[in-house]
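S.K.: Coordinates in structure_37.tsv, TSV, C-alpha atoms, are listed below.
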```tsv
chain	number	residue	atom	x	y	z
Q	26	MET	CA	33.64	-7.61	-54.05
Q	27	GLN	CA	32.56	-9.92	-56.85
Q	28	LEU	CA	29.22	-11.26	-55.69
Q	29	THR	CA	26.61	-13.66	-57.02
Q	30	LEU	CA	23.16	-13.82	-55.48
Q	31	SER	CA	21.68	-17.07	-54.25
Q	32	TYR	CA	18.86	-17.85	-51.85
Q	33	ASP	CA	19.84	-21.32	-50.66
Q	34	GLN	CA	18.17	-21.69	-47.29
Q	35	SER	CA	19.26	-25.30	-46.64
Q	36	GLU	CA	20.96	-26.47	-43.47
Q	37	SER	CA	24.28	-26.61	-45.34
Q	38	SER	CA	24.15	-22.84	-45.85
Q	39	ARG	CA	24.46	-22.06	-42.10
Q	40	TYR	CA	27.37	-19.85	-41.10
Q	41	GLU	CA	29.31	-19.37	-37.89
Q	42	SER	CA	30.15	-15.76	-37.08
Q	43	HIS	CA	33.09	-14.46	-35.05
Q	44	TYR	CA	34.27	-11.04	-33.87
Q	45	THR	CA	37.91	-10.10	-33.30
Q	46	PHE	CA	39.89	-6.91	-32.72
Q	47	THR	CA	42.83	-7.44	-35.06
Q	48	ALA	CA	43.42	-8.28	-38.71
Q	49	ALA	CA	46.20	-10.61	-37.55
Q	50	LYS	CA	43.56	-13.05	-36.23
Q	51	TYR	CA	43.50	-14.43	-39.78
Q	52	ASP	CA	46.65	-15.29	-41.70
Q	53	GLU	CA	47.59	-13.36	-44.82
Q	54	VAL	CA	46.80	-16.34	-47.05
Q	55	THR	CA	43.17	-16.19	-45.89
Q	56	TRP	CA	43.01	-12.46	-46.56
Q	57	GLN	CA	44.48	-12.93	-50.03
Q	58	ARG	CA	41.96	-15.66	-50.80
Q	59	LEU	CA	39.04	-13.43	-49.81
Q	60	LEU	CA	40.44	-10.12	-51.13
Q	61	PRO	CA	42.67	-11.12	-54.05
Q	62	ASN	CA	44.81	-8.35	-55.54
Q	63	SER	CA	43.52	-5.70	-53.11
Q	64	LEU	CA	45.96	-2.93	-52.21
Q	65	GLU	CA	43.79	-2.09	-49.21
Q	66	GLY	CA	43.82	-5.54	-47.67
Q	67	TYR	CA	45.45	-7.27	-44.71
Q	68	ARG	CA	48.62	-5.19	-44.31
Q	69	TYR	CA	46.82	-1.92	-44.92
Q	70	HIS	CA	44.28	-2.67	-42.21
Q	71	LEU	CA	47.05	-3.79	-39.88
Q	72	ALA	CA	48.89	-0.48	-40.46
Q	73	PHE	CA	45.76	1.42	-39.43
Q	74	GLU	CA	45.48	-0.69	-36.27
Q	75	LEU	CA	49.12	-0.05	-35.37
Q	76	GLY	CA	48.66	3.65	-36.08
Q	77	ARG	CA	46.27	3.93	-33.11
Q	78	VAL	CA	44.25	6.75	-34.64
Q	79	THR	CA	42.29	8.60	-31.97
Q	80	GLY	CA	38.53	8.18	-32.01
Q	81	PHE	CA	38.36	4.85	-33.85
Q	82	LYS	CA	38.02	1.31	-32.54
Q	83	THR	CA	38.65	-1.30	-35.21
Q	84	GLY	CA	37.49	-4.89	-35.43
Q	85	TYR	CA	36.63	-7.67	-37.85
Q	86	ILE	CA	33.62	-9.91	-38.30
Q	87	SER	CA	34.26	-13.24	-39.98
Q	88	LEU	CA	31.87	-15.90	-41.25
Q	89	SER	CA	32.92	-19.52	-41.45
Q	90	LYS	CA	31.32	-22.45	-43.20
Q	91	ALA	CA	32.38	-26.04	-42.50
Q	92	GLY	CA	35.41	-24.69	-40.64
Q	93	THR	CA	36.59	-22.43	-43.50
Q	94	VAL	CA	36.55	-18.64	-43.27
Q	95	VAL	CA	34.44	-17.43	-46.21
Q	96	CYS	CA	33.97	-13.75	-45.31
Q	97	ILE	CA	35.94	-11.07	-43.46
Q	98	ALA	CA	34.26	-7.72	-42.91
Q	99	PRO	CA	36.46	-4.98	-41.40
Q	100	ILE	CA	34.50	-2.73	-39.05
Q	101	PHE	CA	35.12	0.33	-36.93
Q	102	VAL	CA	33.27	2.17	-34.18
Q	103	THR	CA	33.36	5.94	-33.82
Q	104	ASP	CA	31.32	8.94	-32.74
Q	105	TYR	CA	30.19	10.30	-36.10
Q	106	ALA	CA	29.00	13.85	-36.77
Q	107	LEU	CA	26.13	13.67	-39.25
Q	108	ASP	CA	27.33	16.87	-40.91
Q	109	THR	CA	30.83	15.53	-41.63
Q	110	THR	CA	30.35	15.85	-45.41
Q	111	VAL	CA	28.35	19.11	-45.28
Q	112	GLN	CA	30.10	22.10	-46.86
Q	113	GLY	CA	29.40	25.76	-47.53
Q	114	PRO	CA	26.88	28.00	-45.73
Q	115	MET	CA	24.87	25.07	-44.35
Q	116	LYS	CA	27.92	23.96	-42.35
Q	117	ALA	CA	27.54	26.96	-40.03
Q	118	LEU	CA	23.92	25.97	-39.39
Q	119	THR	CA	24.72	22.33	-38.66
Q	120	GLN	CA	27.57	23.34	-36.35
Q	121	GLN	CA	25.17	25.50	-34.35
Q	122	LEU	CA	22.75	22.57	-34.16
Q	123	SER	CA	25.61	20.42	-32.92
Q	124	LYS	CA	26.20	22.87	-30.07
Q	125	TRP	CA	22.52	23.07	-29.14
Q	126	LEU	CA	21.61	19.41	-29.74
Q	127	PRO	CA	24.83	17.35	-29.58
Q	128	ASN	CA	22.97	14.08	-29.13
Q	129	LEU	CA	21.00	14.74	-32.32
Q	130	MET	CA	23.91	15.60	-34.62
Q	131	THR	CA	26.43	13.03	-33.38
Q	132	VAL	CA	25.73	9.29	-33.35
Q	133	ARG	CA	27.65	6.28	-32.12
Q	134	LEU	CA	28.38	4.51	-35.40
Q	135	LEU	CA	29.32	0.92	-36.15
Q	136	CYS	CA	30.56	0.86	-39.72
Q	137	VAL	CA	31.52	-1.92	-42.10
Q	138	GLY	CA	34.61	-0.74	-43.95
Q	139	SER	CA	37.57	1.38	-42.91
Q	140	PRO	CA	38.17	5.10	-42.44
Q	141	VAL	CA	41.19	4.82	-44.76
Q	142	THR	CA	39.96	2.77	-47.73
Q	143	ASP	CA	38.55	4.31	-50.89
Q	144	SER	CA	35.72	1.78	-50.91
Q	145	ALA	CA	34.35	-0.99	-48.71
Q	146	GLN	CA	36.85	-3.86	-48.71
Q	147	ILE	CA	34.73	-6.82	-47.62
Q	148	GLY	CA	36.35	-10.15	-48.38
Q	149	PHE	CA	34.09	-12.90	-49.76
Q	150	PHE	CA	35.12	-16.37	-50.91
Q	151	LYS	CA	34.77	-16.01	-54.68
Q	152	ASP	CA	33.57	-19.59	-55.23
Q	153	LEU	CA	30.72	-19.26	-52.73
Q	154	PRO	CA	27.63	-17.26	-53.72
Q	155	LEU	CA	26.51	-14.36	-51.59
Q	156	ASP	CA	23.16	-15.55	-50.29
Q	157	ALA	CA	20.48	-14.33	-47.92
Q	158	GLU	CA	21.74	-16.66	-45.19
Q	159	MET	CA	25.21	-15.13	-45.32
Q	160	ILE	CA	23.80	-11.60	-45.04
Q	161	LYS	CA	21.55	-12.77	-42.19
Q	162	ALA	CA	24.58	-14.09	-40.29
Q	163	LEU	CA	26.57	-10.92	-40.97
Q	164	THR	CA	23.81	-8.48	-39.95
Q	165	GLU	CA	22.94	-10.45	-36.83
Q	166	LYS	CA	26.58	-10.24	-35.76
Q	167	LEU	CA	26.60	-6.53	-36.54
Q	168	ASP	CA	23.54	-6.06	-34.33
Q	169	GLU	CA	25.27	-7.98	-31.55
Q	170	VAL	CA	28.48	-5.93	-31.79
Q	171	ALA	CA	26.49	-2.68	-31.99
Q	172	GLU	CA	24.69	-3.58	-28.78
Q	173	ARG	CA	28.02	-4.32	-27.09
Q	174	GLU	CA	29.61	-1.06	-28.30
Q	175	GLY	CA	26.58	1.16	-27.67
Q	176	ALA	CA	26.24	2.02	-31.37
Q	177	THR	CA	22.87	3.39	-32.47
Q	178	VAL	CA	23.60	3.40	-36.22
Q	179	ILE	CA	25.04	0.60	-38.37
Q	180	ALA	CA	26.38	1.39	-41.84
Q	181	PHE	CA	28.30	-0.07	-44.77
Q	182	LYS	CA	30.71	2.66	-45.86
Q	183	ASP	CA	31.54	3.51	-49.49
Q	184	VAL	CA	30.07	0.48	-51.21
Q	185	ILE	CA	30.70	0.77	-54.95
Q	186	ALA	CA	27.62	0.94	-57.17
Q	187	ALA	CA	27.89	-2.59	-58.58
Q	188	ASP	CA	28.04	-4.10	-55.09
Q	189	THR	CA	25.23	-1.83	-53.85
Q	190	GLN	CA	22.95	-3.29	-56.50
Q	191	GLN	CA	23.50	-6.75	-55.05
Q	192	LEU	CA	23.69	-5.94	-51.33
Q	193	GLN	CA	20.79	-3.49	-51.09
Q	194	PRO	CA	18.00	-5.99	-51.95
Q	195	LEU	CA	19.27	-8.25	-49.16
Q	196	LEU	CA	19.74	-5.45	-46.62
Q	197	ALA	CA	16.55	-3.47	-47.31
Q	198	PRO	CA	14.23	-5.97	-45.54
Q	199	LYS	CA	16.42	-5.53	-42.46
Q	200	GLY	CA	15.79	-1.77	-42.43
Q	201	TYR	CA	18.84	-0.56	-44.34
Q	202	ALA	CA	18.53	2.40	-46.69
Q	203	SER	CA	21.00	3.64	-49.31
Q	204	VAL	CA	22.37	7.11	-49.99
Q	205	GLU	CA	25.00	8.17	-52.48
Q	206	ASN	CA	28.36	9.09	-50.97
Q	207	MET	CA	31.69	10.34	-52.33
Q	208	PRO	CA	32.69	8.77	-55.67
Q	209	VAL	CA	36.16	7.38	-56.36
Q	210	ALA	CA	38.09	9.22	-59.11
Q	211	LYS	CA	40.09	7.18	-61.64
Q	212	ASN	CA	42.05	7.82	-64.84
Q	213	LEU	CA	42.53	5.00	-67.32
Q	214	ILE	CA	46.08	5.07	-68.68
Q	215	ASN	CA	45.53	4.16	-72.32
Q	216	PHE	CA	48.18	6.44	-73.84
Q	217	LYS	CA	51.92	6.00	-74.34
Q	218	ASP	CA	53.30	9.37	-73.31
Q	219	LEU	CA	52.41	12.67	-71.69
Q	220	ASP	CA	51.40	14.15	-75.04
Q	221	GLY	CA	48.90	11.33	-75.36
Q	222	TYR	CA	47.50	12.22	-71.95
Q	223	PHE	CA	47.27	15.90	-72.84
Q	224	ALA	CA	45.30	14.95	-75.97
Q	225	THR	CA	42.52	13.59	-73.71
Q	226	LEU	CA	42.04	16.99	-72.05
Q	227	SER	CA	40.42	20.23	-73.10
Q	228	TYR	CA	42.51	22.84	-74.91
Q	229	SER	CA	42.50	25.24	-71.97
Q	230	THR	CA	43.52	22.50	-69.50
Q	231	ARG	CA	46.32	21.31	-71.82
Q	232	LYS	CA	47.65	24.82	-72.19
Q	233	ASN	CA	47.51	25.43	-68.44
Q	234	LEU	CA	49.27	22.17	-67.58
Q	235	ARG	CA	52.04	22.64	-70.16
Q	236	ARG	CA	52.75	26.04	-68.64
Q	237	LYS	CA	52.85	24.64	-65.10
Q	238	LEU	CA	54.98	21.66	-66.14
Q	239	LYS	CA	57.95	23.93	-66.75
Q	240	ALA	CA	58.24	24.46	-62.97
Q	241	LEU	CA	59.11	20.78	-62.53
Q	242	ASN	CA	62.64	21.69	-63.65
Q	243	GLU	CA	62.95	23.79	-60.49
Q	244	LEU	CA	62.35	20.78	-58.25
Q	245	ARG	CA	64.22	17.67	-57.22
Q	246	VAL	CA	61.99	14.61	-57.08
Q	247	GLU	CA	62.81	11.45	-55.14
Q	248	GLU	CA	60.93	8.15	-55.08
Q	249	HIS	CA	61.21	5.86	-52.06
Q	250	ASN	CA	59.64	2.42	-51.88
Q	251	GLY	CA	58.86	1.61	-48.29
Q	252	LEU	CA	60.13	3.78	-45.47
Q	253	PRO	CA	61.23	7.23	-46.70
Q	254	PRO	CA	63.69	9.65	-45.10
Q	255	HIS	CA	62.45	12.70	-43.17
Q	256	LEU	CA	59.26	10.94	-42.05
Q	257	GLU	CA	58.57	13.50	-39.32
Q	258	GLU	CA	58.80	16.33	-41.88
Q	259	ILE	CA	56.52	14.35	-44.19
Q	260	TYR	CA	54.00	13.97	-41.40
Q	261	GLN	CA	54.02	17.71	-40.74
Q	262	LEU	CA	53.25	18.33	-44.42
Q	263	TYR	CA	50.34	15.90	-44.12
Q	264	LEU	CA	49.05	17.84	-41.11
Q	265	ASN	CA	49.21	21.06	-43.15
Q	266	CYS	CA	46.73	19.58	-45.63
Q	267	TYR	CA	44.60	17.98	-42.95
Q	268	GLU	CA	44.14	21.27	-41.08
Q	269	LYS	CA	43.35	23.14	-44.29
Q	270	SER	CA	40.76	20.64	-45.48
Q	271	GLU	CA	37.09	21.41	-44.95
Q	272	LEU	CA	36.34	17.68	-44.86
Q	273	LYS	CA	37.80	16.05	-41.76
Q	274	PHE	CA	37.22	12.50	-40.60
Q	275	GLU	CA	40.29	10.59	-39.41
Q	276	LYS	CA	43.46	12.40	-38.32
Q	277	LEU	CA	46.24	9.95	-39.10
Q	278	THR	CA	49.30	9.51	-36.90
Q	279	LEU	CA	53.01	9.36	-37.59
Q	280	ALA	CA	52.86	5.73	-36.45
Q	281	PHE	CA	50.35	4.96	-39.22
Q	282	PHE	CA	52.69	6.22	-41.96
Q	283	GLU	CA	55.62	4.38	-40.41
Q	284	SER	CA	53.61	1.15	-40.13
Q	285	LEU	CA	52.27	1.49	-43.67
Q	286	ALA	CA	55.74	1.91	-45.15
Q	287	GLY	CA	57.19	-0.86	-43.01
Q	288	LEU	CA	54.44	-3.40	-43.69
Q	289	MET	CA	54.07	-2.68	-47.41
Q	290	PRO	CA	57.58	-1.83	-48.68
Q	291	ASN	CA	56.88	-3.32	-52.11
Q	292	GLN	CA	53.50	-1.66	-52.54
Q	293	CYS	CA	53.94	1.70	-50.80
Q	294	ARG	CA	55.81	4.52	-52.53
Q	295	PHE	CA	56.61	7.98	-51.21
Q	296	VAL	CA	57.37	10.65	-53.81
Q	297	LEU	CA	59.19	13.61	-52.26
Q	298	TYR	CA	59.43	17.07	-53.84
Q	299	TYR	CA	62.34	19.35	-52.92
Q	300	LYS	CA	62.97	22.96	-53.82
Q	301	GLY	CA	66.69	23.29	-53.24
Q	302	ASP	CA	67.28	21.41	-50.00
Q	303	LYS	CA	63.79	22.07	-48.64
Q	304	LEU	CA	61.12	19.38	-48.69
Q	305	ILE	CA	57.98	21.16	-49.91
Q	306	GLY	CA	55.61	18.26	-50.61
Q	307	PHE	CA	55.02	14.54	-50.78
Q	308	ASN	CA	52.68	11.91	-52.16
Q	309	CYS	CA	52.09	8.56	-50.48
Q	310	LEU	CA	50.91	6.04	-53.07
Q	311	LEU	CA	50.01	2.36	-53.12
Q	312	HIS	CA	50.77	0.36	-56.25
Q	313	GLY	CA	50.26	-3.12	-57.61
Q	314	ASN	CA	48.21	-5.19	-60.04
Q	315	GLY	CA	48.31	-2.43	-62.63
Q	316	VAL	CA	46.98	0.30	-60.31
Q	317	LEU	CA	48.67	3.36	-58.84
Q	318	MET	CA	46.57	4.64	-55.94
Q	319	ASP	CA	47.16	8.16	-54.62
Q	320	LYS	CA	46.40	7.94	-50.91
Q	321	TYR	CA	47.91	10.94	-49.11
Q	322	ILE	CA	49.43	14.26	-50.00
Q	323	GLY	CA	51.13	16.97	-47.96
Q	324	MET	CA	52.52	20.40	-48.80
Q	325	ASP	CA	54.35	23.42	-47.52
Q	326	TYR	CA	51.77	25.85	-48.86
Q	327	GLU	CA	54.08	28.86	-48.97
Q	328	HIS	CA	56.47	27.15	-51.38
Q	329	SER	CA	54.12	24.71	-53.12
Q	330	LYS	CA	51.87	27.47	-54.46
Q	331	GLN	CA	54.81	29.07	-56.22
Q	332	VAL	CA	55.29	25.99	-58.40
Q	333	ASN	CA	51.68	24.70	-58.51
Q	334	LEU	CA	52.78	21.53	-56.76
Q	335	TYR	CA	49.40	19.79	-56.86
Q	336	SER	CA	49.35	19.93	-60.66
Q	337	LEU	CA	53.00	18.90	-60.90
Q	338	SER	CA	52.48	15.93	-58.58
Q	339	TRP	CA	49.47	14.85	-60.64
Q	340	LEU	CA	51.52	14.99	-63.85
Q	341	TYR	CA	54.39	13.13	-62.20
Q	342	ASN	CA	51.95	10.40	-61.12
Q	343	ILE	CA	50.63	10.12	-64.67
Q	344	GLN	CA	54.22	9.81	-65.90
Q	345	MET	CA	54.89	7.06	-63.33
Q	346	CYS	CA	51.83	5.18	-64.58
Q	347	ILE	CA	53.14	5.34	-68.14
Q	348	ARG	CA	56.68	4.40	-67.10
Q	349	ASP	CA	55.67	1.51	-64.83
Q	350	SER	CA	52.82	0.20	-67.04
Q	351	PHE	CA	49.99	0.93	-64.63
Q	352	HIS	CA	46.64	0.81	-66.41
Q	353	THR	CA	44.77	2.87	-63.78
Q	354	PHE	CA	45.57	5.93	-61.72
Q	355	GLN	CA	43.17	6.09	-58.77
Q	356	SER	CA	43.13	9.49	-57.10
Q	357	GLY	CA	40.40	8.74	-54.56
Q	358	GLN	CA	37.72	11.00	-53.15
Q	359	ALA	CA	37.13	14.79	-52.95
Q	360	ALA	CA	38.49	17.67	-55.13
Q	361	TYR	CA	36.22	16.52	-57.94
Q	362	ASP	CA	36.26	19.78	-59.88
Q	363	THR	CA	40.03	19.52	-60.36
Q	364	LYS	CA	40.08	15.77	-60.97
Q	365	LEU	CA	37.32	15.90	-63.56
Q	366	SER	CA	39.16	18.66	-65.43
Q	367	LEU	CA	42.24	16.40	-65.40
Q	368	GLY	CA	40.38	13.61	-67.16
Q	369	ALA	CA	39.18	11.48	-64.25
Q	370	SER	CA	36.00	9.44	-64.34
Q	371	LEU	CA	33.95	8.79	-61.22
Q	372	GLU	CA	32.84	5.49	-59.70
Q	373	GLN	CA	29.86	6.11	-57.43
Q	374	THR	CA	29.81	4.77	-53.88
Q	375	HIS	CA	26.91	4.41	-51.45
Q	376	ILE	CA	26.39	4.23	-47.73
Q	377	LEU	CA	23.95	1.51	-46.67
Q	378	PHE	CA	22.69	2.28	-43.18
Q	379	LYS	CA	20.03	1.89	-40.54
Q	380	HIS	CA	19.24	3.29	-37.12
Q	381	ARG	CA	18.72	0.50	-34.60
Q	382	ASN	CA	15.64	2.26	-33.25
Q	383	ARG	CA	12.90	1.49	-35.80
Q	384	PHE	CA	11.04	4.67	-34.92
Q	385	VAL	CA	14.10	6.88	-35.48
Q	386	ASN	CA	15.18	5.02	-38.64
Q	387	PRO	CA	12.73	6.82	-40.98
Q	388	ILE	CA	13.93	10.19	-39.66
Q	389	LEU	CA	17.56	9.24	-40.28
Q	390	LYS	CA	16.68	8.20	-43.84
Q	391	LEU	CA	15.16	11.61	-44.50
Q	392	ALA	CA	18.09	13.43	-42.90
Q	393	SER	CA	20.58	11.43	-45.00
Q	394	ARG	CA	19.09	12.80	-48.20
Q	395	VAL	CA	19.50	16.36	-46.99
Q	396	LEU	CA	23.04	15.86	-45.66
Q	397	ALA	CA	24.36	13.76	-48.56
Q	398	TYR	CA	27.76	14.90	-49.82
Q	399	GLY	CA	26.57	15.34	-53.40
Q	400	ASN	CA	24.23	18.15	-52.33
Q	401	PHE	CA	27.20	20.35	-51.42
Q	402	ASP	CA	29.78	19.62	-54.15
Q	403	THR	CA	29.34	21.87	-57.18
Q	404	ALA	CA	31.24	19.58	-59.53
Q	405	LEU	CA	29.11	16.56	-58.63
Q	406	LYS	CA	25.90	18.54	-59.02
Q	407	GLU	CA	27.01	19.57	-62.51
Q	408	VAL	CA	27.79	15.95	-63.39
Q	409	LYS	CA	24.32	14.89	-62.19
Q	410	SER	CA	22.65	17.61	-64.26
Q	411	ILE	CA	24.35	16.31	-67.40
Q	412	GLU	CA	23.43	12.65	-66.80
```
Turn the structure described in the file into structure tokens.
M.R.:
Amino acid sequence: MQLTLSYDQSESSRYESHYTFTAAKYDEVTWQRLLPNSLEGYRYHLAFELGRVTGFKTGYISLSKAGTVVCIAPIFVTDYALDTTVQGPMKALTQQLSKWLPNLMTVRLLCVGSPVTDSAQIGFFKDLPLDAEMIKALTEKLDEVAEREGATVIAFKDVIAADTQQLQPLLAPKGYASVENMPVAKNLINFKDLDGYFATLSYSTRKNLRRKLKALNELRVEEHNGLPPHLEEIYQLYLNCYEKSELKFEKLTLAFFESLAGLMPNQCRFVLYYKGDKLIGFNCLLHGNGVLMDKYIGMDYEHSKQVNLYSLSWLYNIQMCIRDSFHTFQSGQAAYDTKLSLGASLEQTHILFKHRNRFVNPILKLASRVLAYGNFDTALKEVKSIE
């Protein structure tokens, strides 16, 4: 979002709001106008819809002015466990609380954003300032949809820091609070070869990666734009990583990957890693406008550990960025200790939220500070201590 504040309260600033269940309600030209150059735009949202991921109901709120759509806000409704981002010893405590007090630890959530985007992708007409009247129209529609869906909490998911600074002053009077969430990791590709990349890293990391890189000669690597072969095997590798992960939110479907590849053949790339004839890992990446975005990874852990596949796939992605002239490699959220050691910088995101019950809202604000992801990630705590 590129937003400019304005407080025009004139009659001409009135907006009409609409709610629909599919991204296809609005043509792709409208999406492109509101979210120019976004890899996580119209087709990406449509792929998630077609994937029919269990536990999520998607929708879209639009605002129109003088008959022109000037804002599209993707939303979803789900039953959200408040300890989703909690890790370590405290997870056992929160899980016990969930058993004893399920209505306390799980809320019906209406969220602006998407379960599968790195940050909130809200489309605003770039020539129209974001003003208090627009936010009023958006939040009133959110309240209406929340009432219809039985949602007790409304949130804006993963709003990047720059947008938080502009949205929060407009949302705070309506009861919304802000808490830091999971940052987005990025590497700027300002070097010409792999040696140039290694020069940006510490001596010990360079030495470790050069040693691991030798194992790439043992593998066969294939790149497929659009639909790849062996999609069912790829999906099983994804499930391996999903089940192993301590952080679980959405469990994607085979239909999602098929829809993503089919809808975005020129922006979706699958990189497949074979040892002999056996597929041992994959990366699903989005690319365009100078950015390579690492979205999903899957591995056969028995074989991938032997060749340090995560490190090899990272280095292969860096090499693709250099080869294809991408200026940014975006590796997304989580695994911050590894990503920071590999030269990534972090872009902070926030959750802006409120409980619809004004008496419960202060309690939720306090709980959010205790349950915030940054409290449980060692790498992020170290970064904060240095700042």
S.K.: When you count all atoms listed in the file, which of these residues is closest to His255 in chain Q: Q:Leu334, Q:Ile86, Q:Leu279, Q:Met289?
M.R.: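 Smallest distance to His255 in chain Q is found for Q:Leu279.
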S.K.: With distances taken over all atoms listed in the file, which of Q:Cys309, Q:Val184, Q:Ile147, Q:Val132 is nearest to Leu389 in chain Q?
M.R.: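 Distance minimum relative to Leu389 in chain Q lands on Q:Val132.
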S.K.: Compare Q:Asp108, Q:Asp152, Q:Glu74, Q:Glu41 by their minimum atom-to-atom distance to Glu271 in chain Q, counting only C-alpha atoms, and give me the closest one.
M.R.: Q:Asp108
S.K.: Using only C-alpha atoms, which protein or nucleic acid residues come within 9 Å of range 169-173 of chain Q? Drop anything in the same chain fewer than 3 positions from it, and give the result as an NGL selection string.
M.R.: :Q and (44 or 102 or 134-135 or 164-166 or 176-179 or 381)
S.K.: Would you work out the distance separating CA of Cys266 in chain Q from CA of His328 in chain Q, expressed in Å to one decimal?
M.R.: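 Computing the Euclidean distance for CA of Cys266 in chain Q and CA of His328 in chain Q yields 13.6 Å.
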S.K.: Using all atoms listed in the file, find the one residue out of Q:Thr374, Q:Thr47, Q:Ser229, Q:Asn382 that sits nearest to Phe181 in chain Q.
M.R.: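 Among the listed residues, Q:Thr374 lies closest to Phe181 in chain Q.
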S.K.: From the list Q:Leu213, Q:Ala157, Q:Arg394, Q:Phe81, which residue is nearest Cys136 in chain Q when using all atoms listed in the file?
M.R.: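 Smallest distance to Cys136 in chain Q is found for Q:Phe81.
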S.K.: Rank Q:Val296, Q:Cys96, Q:Gly84, Q:Gly76 by their smallest atom-to-atom distance to Arg58 in chain Q, using only C-alpha atoms, and report the top residue only.
M.R.: Q:Cys96
S.K.: Would you kindly identify which residues have an atom no farther than 12 Å from (22.3, -11.4, -41.1), using all atoms listed in the file and the file's own coordinates, and write them out as a PDB file with C-alpha atoms, in the coordinates of the input?
M.R.:
```pdb
ATOM      1  CA  ARG Q  39      24.460 -22.060 -42.100  1.00  0.00           C
ATOM      2  CA  TYR Q  40      27.370 -19.850 -41.100  1.00  0.00           C
ATOM      3  CA  GLU Q  41      29.310 -19.370 -37.890  1.00  0.00           C
ATOM      4  CA  SER Q  42      30.150 -15.760 -37.080  1.00  0.00           C
ATOM      5  CA  ILE Q  86      33.620  -9.910 -38.300  1.00  0.00           C
ATOM      6  CA  LEU Q  88      31.870 -15.900 -41.250  1.00  0.00           C
ATOM      7  CA  LEU Q 155      26.510 -14.360 -51.590  1.00  0.00           C
ATOM      8  CA  ASP Q 156      23.160 -15.550 -50.290  1.00  0.00           C
ATOM      9  CA  ALA Q 157      20.480 -14.330 -47.920  1.00  0.00           C
ATOM     10  CA  GLU Q 158      21.740 -16.660 -45.190  1.00  0.00           C
ATOM     11  CA  MET Q 159      25.210 -15.130 -45.320  1.00  0.00           C
ATOM     12  CA  ILE Q 160      23.800 -11.600 -45.040  1.00  0.00           C
ATOM     13  CA  LYS Q 161      21.550 -12.770 -42.190  1.00  0.00           C
ATOM     14  CA  ALA Q 162      24.580 -14.090 -40.290  1.00  0.00           C
ATOM     15  CA  LEU Q 163      26.570 -10.920 -40.970  1.00  0.00           C
ATOM     16  CA  THR Q 164      23.810  -8.480 -39.950  1.00  0.00           C
ATOM     17  CA  GLU Q 165      22.940 -10.450 -36.830  1.00  0.00           C
ATOM     18  CA  LYS Q 166      26.580 -10.240 -35.760  1.00  0.00           C
ATOM     19  CA  LEU Q 167      26.600  -6.530 -36.540  1.00  0.00           C
ATOM     20  CA  ASP Q 168      23.540  -6.060 -34.330  1.00  0.00           C
ATOM     21  CA  GLU Q 169      25.270  -7.980 -31.550  1.00  0.00           C
ATOM     22  CA  LEU Q 192      23.690  -5.940 -51.330  1.00  0.00           C
ATOM     23  CA  LEU Q 195      19.270  -8.250 -49.160  1.00  0.00           C
ATOM     24  CA  LEU Q 196      19.740  -5.450 -46.620  1.00  0.00           C
ATOM     25  CA  ALA Q 197      16.550  -3.470 -47.310  1.00  0.00           C
ATOM     26  CA  PRO Q 198      14.230  -5.970 -45.540  1.00  0.00           C
ATOM     27  CA  LYS Q 199      16.420  -5.530 -42.460  1.00  0.00           C
ATOM     28  CA  GLY Q 200      15.790  -1.770 -42.430  1.00  0.00           C
ATOM     29  CA  TYR Q 201      18.840  -0.560 -44.340  1.00  0.00           C
TER      30      TYR Q 201
END
```
S.K.: Please list as number ranges by chain every residue within 7 Å of range 231-246 of chain Q, counting all atoms listed in the file and excluding residues in the same chain fewer than 5 positions away.
M.R.: Q: 223, 226, 296-300, 332-333, 337
S.K.: Using all atoms listed in the file, which residues sit within 12 Å of range 202-205 of chain Q once same-chain residues fewer than 6 positions away are excluded, as a PyMOL selection string?
M.R.: chain Q and resi 110+178-186+188-190+192-196+372-380+386-400+405+409
S.K.: Put a box with edges along x, y and z around all the listed atoms of range 227-245 of chain Q, pad it by 8 Å on each side, then give me its centre and sizes in Å, one decimal, as lines of an AutoDock Vina configuration file.
M.R.:
```
center_x = 52.3
center_y = 21.9
center_z = -66.1
size_x = 39.8
size_y = 24.4
size_z = 33.7
```
S.K.: Show me a table, sorted first by chain and then by increasing residue number, of the residues of range 305-406 of chain Q having an atom at most 12 Å from range 65-71 of chain Q, each with its shortest atom pair and the distance in Å to one decimal, counting all atoms listed in the file and written as a tab-separated table.
M.R.:
```
residue	atom	partner	partner_atom	distance
Q:Leu310	CA	Q:Glu65	CA	11.5
Q:Leu311	CA	Q:Glu65	CA	8.6
Q:His312	CA	Q:Glu65	CA	10.2
Q:Gly313	CA	Q:Glu65	CA	10.7
Q:Val316	CA	Q:Glu65	CA	11.8
Q:Met318	CA	Q:Glu65	CA	9.9
Q:Lys320	CA	Q:Glu65	CA	10.5
```
S.K.: Starting from the point (57.6, 5.3, -42.0), work out which residues of protein, DNA or RNA have an atom no more than 9 Å away when counting all atoms listed in the file; state them as a PyMOL selection string.
M.R.: chain Q and resi 251-257+279-287
S.K.: To one decimal in Å, tell me the separation between CA of Asp143 in chain Q and CA of Tyr341 in chain Q.
M.R.: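 So the two atoms, CA of Asp143 in chain Q and CA of Tyr341 in chain Q, lie 21.4 Å apart.
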S.K.: Can you pull out every residue within 9 Å of Tyr267 in chain Q, counting only C-alpha atoms, but drop anything in the same chain fewer than 6 positions away, and send it as a compact mmCIF listing (two decimals) with C-alpha atoms, keeping the file's coordinate frame?
M.R.:
```txt
# COMPACT_ATOMS: atom_id res chain seq x y z
CA LYS Q 273 37.80 16.05 -41.76
CA LYS Q 276 43.46 12.40 -38.32
CA GLY Q 323 51.13 16.97 -47.96
```
